[in-house]
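Student: Dropping in final.tsv, which is TSV, C-alpha atoms:
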```
chain	number	residue	atom	x	y	z
A	1	GLU	CA	10.11	-4.31	39.16
A	2	ILE	CA	12.02	-1.03	39.55
A	3	ALA	CA	13.78	-1.50	36.22
A	4	ALA	CA	10.47	-2.21	34.53
A	5	ARG	CA	8.95	0.93	36.05
A	6	LEU	CA	11.91	3.03	34.93
A	7	GLY	CA	11.62	1.60	31.45
A	8	ARG	CA	7.93	2.49	31.26
A	9	GLU	CA	8.53	6.03	32.45
A	10	SER	CA	11.27	6.68	29.91
A	11	SER	CA	9.50	5.07	26.96
A	12	ILE	CA	7.70	7.39	24.61
A	13	GLU	CA	5.47	5.90	21.93
A	14	CYS	CA	2.91	7.55	19.64
A	15	HIS	CA	0.49	5.07	18.13
A	16	ALA	CA	-1.56	5.18	14.95
A	17	GLY	CA	-5.14	3.96	14.98
A	18	ARG	CA	-6.42	1.34	12.56
A	19	PRO	CA	-7.97	2.45	9.26
A	20	ALA	CA	-11.59	3.45	9.66
A	21	MET	CA	-12.43	2.87	5.98
A	22	LYS	CA	-10.70	2.29	2.67
A	23	ASN	CA	-9.90	5.88	1.81
A	24	ARG	CA	-9.45	7.39	5.22
A	25	LEU	CA	-6.98	6.89	8.05
A	26	SER	CA	-7.72	8.11	11.55
A	27	ILE	CA	-4.39	9.04	13.13
A	28	ALA	CA	-4.56	8.77	16.91
A	29	ILE	CA	-2.33	11.51	18.26
A	30	LEU	CA	-2.11	10.49	21.88
A	31	VAL	CA	-1.71	12.72	24.88
A	32	ALA	CA	1.78	11.23	25.24
A	33	CYS	CA	2.83	13.03	22.07
A	34	MET	CA	1.96	16.53	23.25
A	35	LEU	CA	1.60	16.50	27.02
A	36	PRO	CA	4.16	15.82	29.74
A	37	LEU	CA	6.63	13.52	28.05
A	38	GLY	CA	6.54	9.95	29.25
A	39	ALA	CA	2.91	9.99	30.34
A	40	ALA	CA	1.98	7.32	27.83
A	41	ILE	CA	-1.49	5.85	27.62
A	42	SER	CA	-2.92	3.00	25.61
A	43	PRO	CA	-4.09	3.78	22.07
A	44	SER	CA	-7.73	3.71	21.11
A	45	ILE	CA	-8.41	0.97	18.61
A	46	GLY	CA	-11.53	0.69	16.49
A	47	ALA	CA	-13.33	2.34	13.64
A	48	GLU	CA	-14.82	5.16	15.69
A	49	GLN	CA	-12.23	5.51	18.44
A	50	ARG	CA	-9.43	8.03	18.38
A	51	GLY	CA	-6.72	9.38	20.60
A	52	THR	CA	-7.21	12.55	22.60
A	53	LEU	CA	-6.27	14.61	19.55
A	54	GLY	CA	-7.44	12.79	16.42
A	55	ILE	CA	-6.44	14.21	13.06
A	56	SER	CA	-8.13	12.55	10.09
A	57	LEU	CA	-6.02	12.31	6.97
A	58	ARG	CA	-7.27	11.28	3.55
A	59	ILE	CA	-5.17	8.62	1.88
A	60	GLY	CA	-5.51	6.89	-1.43
A	61	ASN	CA	-6.79	3.41	-2.03
A	62	PRO	CA	-4.77	0.46	-0.68
A	63	GLY	CA	-1.41	0.44	-2.37
A	64	ALA	CA	-1.19	4.23	-2.67
A	65	ALA	CA	1.13	4.56	0.33
A	66	PRO	CA	3.27	7.43	-0.98
A	67	ALA	CA	0.25	9.75	-0.67
A	68	GLY	CA	-0.39	8.73	2.92
A	69	PRO	CA	1.32	9.56	6.23
A	70	ALA	CA	4.37	7.36	5.55
A	71	GLY	CA	4.90	9.00	2.17
A	72	TYR	CA	4.55	12.46	3.67
A	73	GLU	CA	7.07	11.69	6.42
A	74	MET	CA	9.53	10.38	3.85
A	75	SER	CA	9.11	13.49	1.73
A	76	VAL	CA	9.86	15.69	4.76
A	77	ARG	CA	12.95	13.67	5.59
A	78	HIS	CA	14.18	13.90	2.00
A	79	ALA	CA	13.74	17.66	2.10
A	80	LEU	CA	15.68	17.83	5.35
A	81	PHE	CA	18.53	15.75	3.93
A	82	ASP	CA	18.58	17.87	0.76
A	83	SER	CA	18.89	21.10	2.76
A	84	GLY	CA	22.42	20.11	3.77
A	85	THR	CA	22.27	21.84	7.18
A	86	PRO	CA	23.61	19.78	10.09
A	87	ARG	CA	20.45	20.08	12.20
A	88	ASN	CA	18.23	18.98	9.34
A	89	ILE	CA	20.54	16.09	8.51
A	90	ALA	CA	20.42	14.98	12.15
A	91	LEU	CA	16.62	15.16	12.23
A	92	ALA	CA	16.32	13.28	8.94
A	93	SER	CA	18.62	10.54	10.27
A	94	ILE	CA	16.00	9.59	12.86
A	95	ALA	CA	13.99	6.94	11.03
A	96	PRO	CA	10.74	5.41	12.32
A	97	LYS	CA	11.22	2.24	14.36
A	98	ALA	CA	9.45	0.18	11.71
A	99	SER	CA	11.70	1.52	8.96
A	100	THR	CA	13.49	-0.95	6.69
A	101	GLU	CA	16.17	1.61	5.83
A	102	ASP	CA	19.87	0.90	6.22
A	103	LEU	CA	20.37	1.90	9.85
A	104	GLY	CA	24.13	1.86	9.49
A	105	ALA	CA	23.91	4.45	6.74
A	106	LEU	CA	21.66	6.59	8.92
A	107	ASP	CA	24.19	6.28	11.75
A	108	ASP	CA	26.82	7.55	9.33
A	109	GLU	CA	24.62	10.52	8.39
A	110	MET	CA	24.04	11.34	12.06
A	111	PHE	CA	27.76	11.27	12.77
A	112	ARG	CA	28.36	13.44	9.70
A	113	ALA	CA	25.88	15.99	11.04
A	114	ALA	CA	27.68	16.00	14.40
A	115	SER	CA	31.03	16.47	12.66
A	116	LEU	CA	29.64	19.46	10.75
A	117	ALA	CA	28.21	21.13	13.86
A	118	PRO	CA	30.73	20.86	16.71
A	119	ASP	CA	29.12	23.79	18.56
A	120	ASP	CA	25.45	22.75	18.26
A	121	PRO	CA	24.35	20.98	21.46
A	122	LEU	CA	21.14	19.60	19.91
A	123	VAL	CA	22.95	17.93	17.02
A	124	GLN	CA	25.54	16.48	19.40
A	125	TRP	CA	22.77	15.30	21.75
A	126	LEU	CA	20.85	13.53	18.99
A	127	ALA	CA	24.05	11.96	17.68
A	128	ALA	CA	25.22	10.75	21.08
A	129	ASN	CA	21.85	9.17	21.84
A	130	ARG	CA	21.55	7.48	18.47
A	131	LEU	CA	25.11	6.16	18.43
A	132	LEU	CA	24.86	4.90	22.01
A	133	ALA	CA	21.67	3.03	21.10
A	134	ALA	CA	23.51	1.56	18.11
A	135	HIS	CA	26.34	0.41	20.42
A	136	ASP	CA	28.74	2.51	18.37
A	137	ASP	CA	30.75	3.48	21.43
A	138	ALA	CA	33.71	4.93	19.54
A	139	ARG	CA	31.68	7.55	17.67
A	140	ALA	CA	29.25	8.08	20.56
A	141	SER	CA	32.18	8.99	22.79
A	142	ILE	CA	33.20	11.77	20.38
A	143	ALA	CA	29.74	13.34	20.57
A	144	ILE	CA	29.65	12.94	24.34
A	145	GLU	CA	33.07	14.56	24.76
A	146	THR	CA	31.86	17.45	22.60
A	147	LEU	CA	28.75	17.84	24.75
A	148	ILE	CA	30.87	17.87	27.91
A	149	ARG	CA	32.89	20.70	26.39
A	150	LEU	CA	29.71	22.61	25.49
A	151	GLU	CA	27.65	21.88	28.62
A	152	PRO	CA	29.88	20.83	31.52
A	153	TYR	CA	27.16	21.49	34.12
A	154	ASN	CA	24.37	19.57	32.37
A	155	ALA	CA	23.57	16.39	34.32
A	156	SER	CA	21.90	14.85	31.28
A	157	VAL	CA	25.17	15.08	29.36
A	158	TRP	CA	26.96	13.31	32.18
A	159	ALA	CA	24.19	10.70	32.17
A	160	LEU	CA	25.26	9.88	28.62
A	161	ALA	CA	28.88	9.63	29.80
A	162	LEU	CA	27.67	7.31	32.55
A	163	SER	CA	25.84	5.14	30.01
A	164	LEU	CA	29.03	4.82	28.00
A	165	ALA	CA	31.03	3.96	31.13
A	166	VAL	CA	28.52	1.30	32.21
A	167	SER	CA	28.55	-0.27	28.75
A	168	ARG	CA	32.33	-0.46	29.00
A	169	HIS	CA	32.22	-1.83	32.56
A	170	ASP	CA	34.45	1.06	33.63
A	171	ALA	CA	33.76	1.63	37.33
A	172	THR	CA	36.12	4.59	37.62
A	173	ALA	CA	34.48	6.44	34.71
A	174	THR	CA	31.05	5.58	36.14
A	175	ASP	CA	31.97	7.16	39.47
A	176	ASP	CA	33.33	10.23	37.70
A	177	ALA	CA	30.16	10.69	35.65
A	178	LEU	CA	27.95	10.31	38.74
A	179	ALA	CA	30.03	12.88	40.60
A	180	HIS	CA	29.62	15.35	37.75
A	181	MET	CA	25.88	14.68	37.60
A	182	ALA	CA	25.64	15.51	41.30
A	183	GLN	CA	27.60	18.75	40.80
A	184	SER	CA	25.49	19.87	37.84
A	185	THR	CA	23.11	22.82	37.98
A	186	ARG	CA	20.52	21.49	35.50
A	187	ALA	CA	19.48	18.42	33.51
A	188	ASP	CA	18.58	19.42	29.96
A	189	GLU	CA	17.68	16.69	27.48
A	190	HIS	CA	17.12	19.27	24.72
A	191	VAL	CA	13.49	18.24	24.31
A	192	ALA	CA	12.42	21.84	23.69
A	193	ASP	CA	15.26	22.34	21.21
A	194	ALA	CA	14.23	19.19	19.35
A	195	MET	CA	10.58	20.26	19.35
A	196	ARG	CA	11.41	23.67	17.89
A	197	ALA	CA	13.61	22.12	15.22
A	198	TRP	CA	10.90	19.66	14.21
A	199	LEU	CA	8.25	22.40	14.31
A	200	ALA	CA	10.30	24.48	11.87
A	201	ALA	CA	10.66	21.43	9.62
A	202	TYR	CA	6.95	20.63	9.54
A	203	GLU	CA	5.92	24.26	9.17
A	204	SER	CA	8.27	24.55	6.21
A	205	HIS	CA	6.86	21.39	4.64
A	206	PRO	CA	3.16	21.23	5.60
A	207	ARG	CA	0.71	18.67	4.35
A	208	PRO	CA	-1.60	20.02	1.66
A	209	LEU	CA	-5.09	20.95	2.85
A	210	SER	CA	-6.48	18.27	0.57
A	211	ALA	CA	-4.83	15.66	2.79
A	212	PHE	CA	-7.22	16.42	5.66
A	213	ALA	CA	-10.72	15.05	5.98
A	214	ASN	CA	-11.35	18.15	8.09
A	215	PRO	CA	-9.22	21.04	6.77
A	216	ALA	CA	-9.75	22.92	10.05
A	217	GLU	CA	-7.36	20.45	11.68
A	218	ALA	CA	-4.48	21.35	9.36
A	219	GLY	CA	-3.20	24.18	11.54
A	220	ALA	CA	-2.51	21.88	14.48
A	221	ALA	CA	-0.73	19.21	12.45
A	222	PRO	CA	2.83	20.66	12.43
A	223	PHE	CA	2.76	21.12	16.20
A	224	VAL	CA	1.39	17.62	16.78
A	225	ASP	CA	3.96	16.09	14.43
A	226	ALA	CA	6.78	18.05	16.06
A	227	MET	CA	5.85	16.98	19.57
A	228	ALA	CA	5.57	13.35	18.52
A	229	LYS	CA	9.03	13.40	16.96
A	230	ALA	CA	10.66	15.37	19.78
A	231	SER	CA	9.29	13.10	22.50
A	232	ALA	CA	10.39	10.00	20.62
A	233	ALA	CA	13.92	11.14	19.84
A	234	ALA	CA	15.21	13.37	22.61
A	235	LEU	CA	14.88	11.36	25.83
A	236	PRO	CA	17.73	8.92	26.54
A	237	SER	CA	17.63	5.66	28.46
A	238	TYR	CA	18.27	6.13	32.16
A	239	ARG	CA	18.59	2.43	32.92
A	240	PRO	CA	22.40	2.71	33.27
A	241	ILE	CA	21.92	5.20	36.11
A	242	LEU	CA	19.63	2.78	37.88
A	243	GLN	CA	22.14	0.02	37.29
A	244	ALA	CA	25.00	2.09	38.68
A	245	CYS	CA	23.01	3.29	41.70
A	246	SER	CA	21.57	-0.14	42.47
A	247	SER	CA	25.04	-1.59	42.81
A	248	ALA	CA	25.70	-3.65	45.89
A	249	ASP	CA	28.61	-1.33	46.54
A	250	GLY	CA	27.11	1.36	48.79
A	251	HIS	CA	29.80	4.00	48.21
A	252	ARG	CA	27.63	5.60	45.51
A	253	HIS	CA	24.55	6.03	47.71
A	254	ASP	CA	24.96	9.70	48.59
A	255	VAL	CA	26.16	10.86	45.17
A	256	CYS	CA	23.27	9.01	43.53
A	257	ALA	CA	20.79	10.76	45.84
A	258	THR	CA	22.27	14.15	44.96
A	259	ALA	CA	22.19	13.35	41.23
A	260	ALA	CA	18.58	12.17	41.54
A	261	ARG	CA	17.57	15.49	43.09
A	262	VAL	CA	19.25	17.40	40.27
A	263	MET	CA	16.90	15.49	37.97
A	264	LEU	CA	13.83	15.86	40.18
A	265	TYR	CA	14.17	19.63	40.61
A	266	HIS	CA	16.15	20.78	37.57
A	267	ALA	CA	15.36	18.49	34.60
A	268	SER	CA	13.95	20.19	31.52
A	269	SER	CA	11.42	17.41	30.89
A	270	LEU	CA	8.73	16.25	33.28
A	271	ALA	CA	9.52	12.62	32.48
A	272	SER	CA	13.08	13.04	33.74
A	273	ARG	CA	11.85	14.85	36.85
A	274	ARG	CA	9.70	11.82	37.59
A	275	LEU	CA	12.68	9.57	36.94
A	276	GLY	CA	14.63	11.56	39.50
A	277	PHE	CA	12.03	10.69	42.10
A	278	THR	CA	12.03	7.05	41.00
A	279	LEU	CA	15.79	6.93	41.48
A	280	LEU	CA	15.47	8.43	44.97
A	281	ARG	CA	12.91	5.81	45.86
A	282	THR	CA	15.23	3.00	44.75
A	283	LEU	CA	17.79	4.26	47.25
A	284	GLY	CA	15.42	3.70	50.18
A	285	ASP	CA	12.37	5.27	51.79
A	286	ASP	CA	14.59	7.02	54.32
A	287	VAL	CA	16.19	9.00	51.49
A	288	VAL	CA	12.91	10.55	50.28
A	289	THR	CA	12.04	13.78	52.07
A	290	ASP	CA	8.70	15.55	52.48
A	291	GLU	CA	9.91	18.11	49.93
A	292	ASP	CA	10.60	15.30	47.45
A	293	LEU	CA	7.11	13.88	47.99
A	294	ALA	CA	5.58	17.31	47.43
A	295	ALA	CA	7.53	17.69	44.18
A	296	ARG	CA	6.19	14.33	43.02
A	297	ARG	CA	2.61	15.39	43.82
A	298	ASP	CA	3.07	18.63	41.87
A	299	LEU	CA	4.21	16.66	38.83
A	300	ALA	CA	1.16	14.42	39.13
A	301	TRP	CA	-1.06	17.53	39.42
A	302	ILE	CA	0.34	18.88	36.16
A	303	ASN	CA	-0.17	15.56	34.42
A	304	ALA	CA	-3.74	15.28	35.64
A	305	ASN	CA	-4.65	18.68	34.16
A	306	ALA	CA	-2.37	18.81	31.13
A	307	ALA	CA	-4.91	17.82	28.48
A	308	ARG	CA	-7.33	20.52	29.56
A	309	VAL	CA	-4.95	23.42	30.19
A	310	SER	CA	-3.05	22.92	26.93
A	311	GLY	CA	-6.24	22.94	24.87
A	312	ILE	CA	-5.83	19.37	23.69
A	313	ALA	CA	-8.82	17.88	25.50
A	314	ASP	CA	-11.39	19.96	23.59
A	315	LEU	CA	-9.26	21.06	20.61
A	316	ASP	CA	-9.32	24.66	21.82
A	317	GLY	CA	-7.54	26.48	18.99
A	318	ALA	CA	-6.54	29.51	21.05
A	319	ALA	CA	-5.15	27.41	23.90
A	320	LEU	CA	-3.30	25.12	21.47
A	321	ALA	CA	-1.76	28.13	19.73
A	322	ALA	CA	-0.66	29.61	23.07
A	323	HIS	CA	0.79	26.24	24.10
A	324	ARG	CA	2.69	26.01	20.82
A	325	GLU	CA	4.15	29.49	21.27
A	326	ASP	CA	5.21	28.64	24.82
A	327	TRP	CA	7.13	25.68	23.46
A	328	ARG	CA	8.61	27.92	20.80
A	329	GLY	CA	9.77	30.51	23.31
A	330	LEU	CA	10.71	28.52	26.42
A	331	GLY	CA	13.44	25.95	26.92
A	332	ASP	CA	11.91	23.95	29.75
A	333	GLU	CA	8.82	21.73	29.62
A	334	TYR	CA	8.13	22.41	33.28
A	335	ASP	CA	7.96	26.15	32.56
A	336	VAL	CA	5.73	25.48	29.54
A	337	MET	CA	3.24	23.54	31.63
A	338	GLN	CA	3.38	26.03	34.50
A	339	ARG	CA	2.39	28.78	32.08
A	340	ALA	CA	-0.47	26.67	30.71
A	341	MET	CA	-1.71	26.03	34.25
A	342	HIS	CA	-1.59	29.76	34.99
A	343	ARG	CA	-3.58	30.61	31.84
A	344	ALA	CA	-6.24	28.12	32.91
A	345	GLY	CA	-6.45	29.68	36.38
A	346	LEU	CA	-5.04	26.64	38.18
A	347	PRO	CA	-2.38	26.73	40.89
A	348	ALA	CA	1.07	25.54	39.97
A	349	ALA	CA	1.31	23.32	43.06
A	350	ALA	CA	-1.10	20.53	43.91
A	351	PRO	CA	-3.84	21.74	46.32
A	352	VAL	CA	-3.59	20.56	49.91
A	353	GLY	CA	-5.09	17.10	50.19
A	354	TRP	CA	-5.20	16.46	46.44
A	355	MET	CA	-4.15	13.01	45.29
A	356	PRO	CA	-4.32	11.51	41.79
A	357	SER	CA	-7.41	9.44	41.14
A	358	GLU	CA	-6.98	5.68	40.85
A	359	GLY	CA	-8.75	5.96	37.52
A	360	ASP	CA	-6.44	8.66	36.19
A	361	ALA	CA	-3.66	6.71	34.50
A	362	ILE	CA	-1.72	9.80	33.42
A	363	ALA	CA	-1.79	11.43	36.84
A	364	ARG	CA	-0.74	8.20	38.54
A	365	ALA	CA	2.14	7.90	36.07
A	366	GLY	CA	3.15	11.40	37.07
A	367	ALA	CA	3.15	10.36	40.71
A	368	GLY	CA	6.19	8.20	40.08
```
Would you give me this structure, written as structure tokens?

Tutor:
Amino acid sequence: EIAARLGRESSIECHAGRPAMKNRLSIAILVACMLPLGAAISPSIGAEQRGTLGISLRIGNPGAAPAGPAGYEMSVRHALFDSGTPRNIALASIAPKASTEDLGALDDEMFRAASLAPDDPLVQWLAANRLLAAHDDARASIAIETLIRLEPYNASVWALALSLAVSRHDATATDDALAHMAQSTRADEHVADAMRAWLAAYESHPRPLSAFANPAEAGAAPFVDAMAKASAAALPSYRPILQACSSADGHRHDVCATAARVMLYHASSLASRRLGFTLLRTLGDDVVTDEDLAARRDLAWINANAARVSGIADLDGAALAAHREDWRGLGDEYDVMQRAMHRAGLPAAAPVGWMPSEGDAIARAGAG
């Protein structure tokens, strides 16, 4: 049950709605793509139903796929590859899950990008995550070692080292990675860096106005696309941490609790802050303090209000623009959402006595 919960909280998916008619596709841009990462909700399905932020794109008749969303995404990726810059190569190497492309070739491109940018933490982060997922331990270890050199006090980097150690069944390396996680001062998954990189890509290669059924929606599209890509690509799997900390060997109990609190209080994404609380809870109810419970409630409070304060709920152009600029200027999702709450006149901390509604799926997800 705990592993399933952890998997849900670290899984980011952005779903497309079904075609509403022959020449029009209603793209359901879900709250999960732009709000606190990991707060996924079910997609709306049906001719008239959309996600919280629905952007209607005109596509050609059946069979004219290159003019539609898939063709646009491919054109952006080709442009990124053609640019030759390591960051753009790394971004372009992240293919959609449904892609029929040669994944091994894309792995090679990702590793090439990492080799060309030994001092770029985002490129190394994307490479390490992709190569770990591909079970390419030899090349993943090179990216992870580079990240350790660049960011020795980043718990998220040591979480990747832990994943590699667990996959190799190396107990000594697992203990070492956990110890470094516990000694870290932050946990940065480079979500904001990935978002800014994708935003630059989509702003440089926008869809033509003619692609939109409602041209007024065109201005929001690069930001929406960037958030969808960043949330899908930047967050790693934290199952190995759960596996290591759920070991029958209790010698890791205290170091796991310390590492979990680094995530809960210092992660750069709200999803990983929630995962920090989940990890604490797996260690036992006696480990969770009142301060930890309050932090969990504050995360749920942000999730419950995120759609409104960011401007997504009512497509408030000014609020969306401010939210976009916060992402552009800040490196921490928690800070981004705190600023949005402040603009909306809401307190940063959950009011005394507030609890997420049973009917509020996003807020309850944020409660851990």

Student: Looking at all atoms listed in the file, which of A:Ile241, A:Ala171, A:Leu275, A:Ala350 is the one that sits closest to Asp298 (chain A)?

Tutor: A:Ala350

Student: Which neighbours of region 224-226 of chain A fall inside 9 Å, counting only C-alpha atoms, when residues of the same chain fewer than 2 positions from it are skipped, and could you give them as a VMD selection string?

Tutor: chain A and resid 29 33 to 34 53 194 to 202 220 to 222 228 to 231

Student: Okay, now the selection with C-alpha atoms, as a compact mmCIF listing (two decimals), keeping the file's coordinate frame?

Tutor:
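Result went into out.txt, see below:
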```
# COMPACT_ATOMS: atom_id res chain seq x y z
CA ILE A 29 -2.33 11.51 18.26
CA CYS A 33 2.83 13.03 22.07
CA MET A 34 1.96 16.53 23.25
CA LEU A 53 -6.27 14.61 19.55
CA ALA A 194 14.23 19.19 19.35
CA MET A 195 10.58 20.26 19.35
CA ARG A 196 11.41 23.67 17.89
CA ALA A 197 13.61 22.12 15.22
CA TRP A 198 10.90 19.66 14.21
CA LEU A 199 8.25 22.40 14.31
CA ALA A 200 10.30 24.48 11.87
CA ALA A 201 10.66 21.43 9.62
CA TYR A 202 6.95 20.63 9.54
CA ALA A 220 -2.51 21.88 14.48
CA ALA A 221 -0.73 19.21 12.45
CA PRO A 222 2.83 20.66 12.43
CA ALA A 228 5.57 13.35 18.52
CA LYS A 229 9.03 13.40 16.96
CA ALA A 230 10.66 15.37 19.78
CA SER A 231 9.29 13.10 22.50
```

Student: Rounded to one decimal place, report the CA of Arg324 (chain A)-CA of Phe223 (chain A) distance in Å.

Tutor: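 One can read the CA of Arg324 (chain A) to CA of Phe223 (chain A) distance as 6.7 Å.
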
Student: Give the answer as one residue: which of A:Ser141, A:Ser156, A:Asn129, A:Ser115 has the shortest atom-to-atom distance to Ser269 (chain A), using all atoms listed in the file?

Tutor: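 Of all the options, A:Ser156 lies closest to Ser269 (chain A).
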
Student: What are the centre and the three edge lengths of an axis-aligned box that wraps all atoms of region 173-187 of chain A in the file, given that 8 Å is added to every side, written as JSON and rounded to one decimal in Å?

Tutor:
```
{"center_x": 27.0, "center_y": 14.2, "center_z": 37.4, "size_x": 31.0, "size_y": 33.2, "size_z": 23.8}
```

Student: Rounded to one decimal, what separation in Å do you get between CA of Pro118 (chain A) and CA of Asp137 (chain A)?

Tutor: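 Taking CA of Pro118 (chain A) and CA of Asp137 (chain A), their separation equals 18.0 Å.
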
Student: When you draw a straight line from CA of Leu299 (chain A) to CA of Ala349 (chain A), how long is it in Å?

Tutor: 8.4 Å
